Amino acid sequence: MKRFLLLTVGILGCCALGRAQSKKPLDHSVYDGWQDLASQAVTNDGKWVLYTVVPQEGDANLYIRDLKTSKVSTYPRASAPAFTEDSKYAAFMIKPFFKDTREAKIKKKTPDQMPKDTLGIVTLGGELKKIPAVKSFKLPEEGFGVIAYLVEKAPAPGDSTRRNAGGAPGGARGGRPAGGAPAGRGGAAGGRGASAEGDDLWLVYLGANKSVTFKYVTDYLFNKDGKTLMYVCAGSKGDTVNTPGVFLYNTVSGVKKKISSGKGSYKNLAFDETGTLVIFTAEKDPEKTPVKIAKLYSYSPKQDSAIVFIDQNTPGMPAKWAVNSDARIQFSDNGKKVFFGTAPIPAPVDTTIVDFEVAKVDIWNYKDDYIQPMQLKTVDRDLKRSFMAVADLASPGKMIQLADEKLTDLSLGQKGNGELALGSTDFGNRIEMQWTGSTARDLYLVSTKDGSRKKIASGFRGNASISPGGRYVVWYNRKDKNWYSYAIASGKEIALNKDLAEKFYDEDNDVPDDPSPYGIAGYIEGDKSVLINDRYDIWQFDLATGAGKNITNGFGRKNLLTLRYSSFKKRTGGFGGRGGGAGGDDPLKEKQLVYLQAFNTVTKENGFYKKVLGTAGDPTLLTMGQVTYGSPIAAKSVPSVIIFEKSSYVQSPDLYVTSDFKKETKLSATNPQQSGYNWGTAELVKWTTPKGYKSEGILYKPEDFDPAKKYPMIVYFYEKLSDGLYSYIPPSPTPSRINISYFVSNGYLVFAPDISYETGHPGPSAIEFINSGVESLKKNAWVDGSKIGIQGQSWGGYQVAYLITKTDMYAAAWAGAPVANMTSAYGGIRWETGMNRQFQYEKTQSRIGATLWEKPELYIENSPLFSLPNVKTPVAIMSNDADGAVPWYQGIEMFTALRRLNKPVWLLNYNGEAHNLVLRQNRKDIQRREQQFFDHFLKGKPAPAWMEKGVPATEKGRNWGFEEIQPTVTAETGK
């Protein structure tokens with residue numbers, strides 16, 4: 001019997017091994033169809049869940065699930081979905097077929113000829129209605145029963161309202177802003193605004209056979225409860241009914257009212273919290289006016305029409321300034337004040353200048369706050385820059401300017417209700433950004449009554465916020481590593497964590513700069529206290545006295561768990577808040593039950609705990625496991641219904657629902673095809689470096705790993721990666737990193753070691769950690785020590801370049817966007833931001849910690865260029881001519897030096913591409929070349945033509961060089 005059992009187990013084991021071995025390796029054709037989750041939401045009543053499954057390229061599917069019956073409905077090609085406030089409907093855009101859009105692009109169709117989006121409105125548990133050629137849609141934020149949407153082309157002039165018009169769907173009732181669009185600021189699901197001449201706006205009553213249309217609409221907005229719809233009509237020549245202006249439509253009574261007339265540019269529509277007060281900007285100057293000046297208009301139900309509330313002549317407006325129509329408008333939460341933007345009136349364009357006779361020159365001046373490349377990079381933003389001002393709605397005809405060029409940044413306390421705002425400025429300190437990367441700032445309290453300013457902190461670097469109740473300012477000073485509370489009424493300043501042994505700043509900081517804090521978790525209502533994170537736990541500090549207590553009872557530090565407050569956002573769709581409000585997170589209650597996201601810094605596991613604020617004892621465990629969680633979402637009216645995303649390296653991201661994290665139900669099933677491929681495993685490995693440092697990293701192995709075999713290994717690195725042990729890595733074309741899942745599936749080991757750095761010696765630090773980790777793994781018989789490659793991008797690319805000058809232990813190397821010569825890179829420009837590169841070497845990632853003239857020997861020691869004669873490793877370089885982070889000539893310096901030294905080297909320049917590849921076709925291209933490169937040097941496969949013979953410029957775009965070149969066999973050697 002025992003013999004029979006052993007034989008059976010042996011046969012089953014062989015069968016299992018055979019099944020694993022029969023699984024296919026991933027190939028480059030799988031990328032497009034590999035899926036991810038998006039747009040997760042739960043209805044307010046907790047009965048319905050929606051989620052979108054999106055392939056990397058192709059048509060997505062929306063799934064709506066009845067949690068009670070488990071019935072699932074599928075809606076192809078849906079995007080930007082949202083549930084209505086009453087939990088009865090869902091609305092979403094339906095994209096054209098991917099193949100149709102692709103075909104239209106091939107045929108170079110104009111935007112008007114491209115396939116159009118369709119609006120879908122589904123009755124939950126019932127039918128779907130489709131409305132073609134829809135550009136955008138909106139739902140009220142908290143009301144229900146109506147939906148508004150813009151149809152692509154306005155019909156011929158006619159009556160402004162039509163009942164039961166064609167294209168209006170049936171339904172029941174609904175409500176809420178949709179598709180990632182802030183409801184109060186004119187955004188809308190669908191991603192396309194109205195045309196300049198306007199489109200048809202449909203207002204549809206869900207659940208009733210009723211609709212209304214409005215012509216030539218360019219912008220529209222519901223108030224909070226959905227009982228009023230505001231829209232802008234552009235008008236049309238010859239149409240005397242639909243004339244230009246701003247209109248309000250009462251969705252209950254059906255009464256329409258014109259509140260502003262005349263052609264112009266109307267923007268920034270906003271309702272107050274009650275939905276009765278209206279503010280907007282308008283430019284009504286004649287069409288040929290050289291500089292059009294915006295004015296702020298206001299309307300209340302007591303008025304016949306909107307009035308000019310603020311203009312360039314309003315008392316309090318700075319001379320030669322005006323309202324800025326590019327600035328957001330915000331009401332205070334109590335509706336008593338409105339905050340808006342102003343700016344200097346631009347000079348008119350001189351039309352007498354002949355363009356081809358004008359010199360084109362940039363003038364760099366050492367006194368400039370920002371160097372010219374930064375100014376040129378931000379010129380569009382600067383031309384639209386606005387400075388916050390405020391007006392009291394009860395006192396029209398005057399305003400208070402709060403911000404200006406010397407005090408640009410303001411944040412509002414009490415959701416705009418307070419008398420004071422917090423101002424922050426780096427004026428006078430901006431030049432130092434060139435070598436520090438950041439600037440010292442001054443903090444001010446700014447009166448919203450008269451604009452007066454009081455400085456409360458000088459020259460600090462850190463983070464600052466005004467408490468929700470507006471009574472305190474809290475800031476972290478990176479210089480002395482302390483958190484401070486400042487009482488606005490008394491001017492008393494208290495250092496909160498000064499006498500505590502625990503550190504509230506990055507304990508692992510290894511750059512030559514002051515460390516950053518772990519951040520604020522929130523405030524307790526009534527401005528009584530603030531919650532601040534240390535590395536592991538959360539502390540509560542009394543804002544008046546500074547007294548602190550560890551509300552997680554030191555549980556995090558004792559168990560090496562990082563605990564962080566998780567808000568479990570309650571939402572019904574992917575949308576922002578109502579844009580007309582001043583905003584601000586609501587404070588926590590004193591005895592509130594809070595959920596804590598947990599990360600085990602030793603095992604890398606993730607999970608959740610819960611804790612009632614203000615109570616003693618440790619947090620209570622809910623779940624902990626070898627997985628990664630997304631941000632949970634709780635149903636608004638039934639917070640015990642919680643949906644969340646969960647994944648691991650072996651488990652594709654899927655959506656689950658739970659009430660307590662003890663029991664969970666899986667809702668989605670992404671990437672079922674993964675089971676047919678040889679996937680992999682991820683494990684944490686640890687070792688001690690030559691200098692005695694403890695380090696760790698991730699080792700990825702093929703699913704069919706056989707310890708009796710020898711495997712080639714690729715080492716990939718970038719700072720510290722081990723915290724991502726349980727992260728899912730889809731097979732996808734990456735910006736130029738190696739595709740870990742692809743290589744593991746195809747018989748490679750992939751090792752991702754963590755690196756810690758010693759200031760002044762980033763290159764030797766890489767040797768200390770990377771090489772020692774590799775040597776540790778080479779002790780295993782299943783690692784082929786003669787077939788190890790290295791790959792890195794950007795900072796990792798630099799380390800690849802450095803490592804191959806110091807060791808020949810690697811059989812192949814791939815360096816993406818590397819810095820080869822720190823001496824020439826030091827003074828260059830990061831063109832994507834316009835910033836000078838000095839700060840990077842002195843204060844941040846490059847970690848030299850000194851200027852080039854202070855420590856030239858360190859720049860030379862850490863520059864691969866000066867040691868390139870030592871290189872024995874074949875290396876491929878990606879260096880793109882539009883790289884905005886690392887100058888592409890760095891790759892050229894490395895290539896030309898190695899070429900002159902007759903070292904095997906290749907350089908890929910993806911034309912017009914950035915630091916990290918953006919275009920998908922280029923990402924696919926580099927994945928294939930990386931595979932061929934490493935297969936040749938680590939697996940002995942024939943070299944492709946692009947490596948063996950190159951691709952002449954005359955064949956560019958016709959010959960990709962992917963074909964393998966078989967080695968020549970000679971009669972003399974037989975090889």
# chains A, B, ... in the order shown; residues from 1 in each chain; ligands from 1
call {"tool": "residues_around", "arguments": {"residues": "stretch 416-433 of chain A", "least_positions_apart": "4", "cutoff": "6 Å", "atoms": "only C-alpha atoms", "output": "PyMOL selection string"}}
result
chain A and resi 332+369+406-407+409-412+437-448+582
call {"tool": "select_by_dssp", "arguments": {"residues": "stretch 535-768 of chain A", "states": "helix (DSSP H, G or I)", "output": "count of residues only"}}
result
26
call {"tool": "closest_residue", "arguments": {"among": "A:Lys224, A:Lys258, A:Lys872, A:Lys949", "to": "A:Pro904", "atoms": "only C-alpha atoms"}}
result
A:Lys872
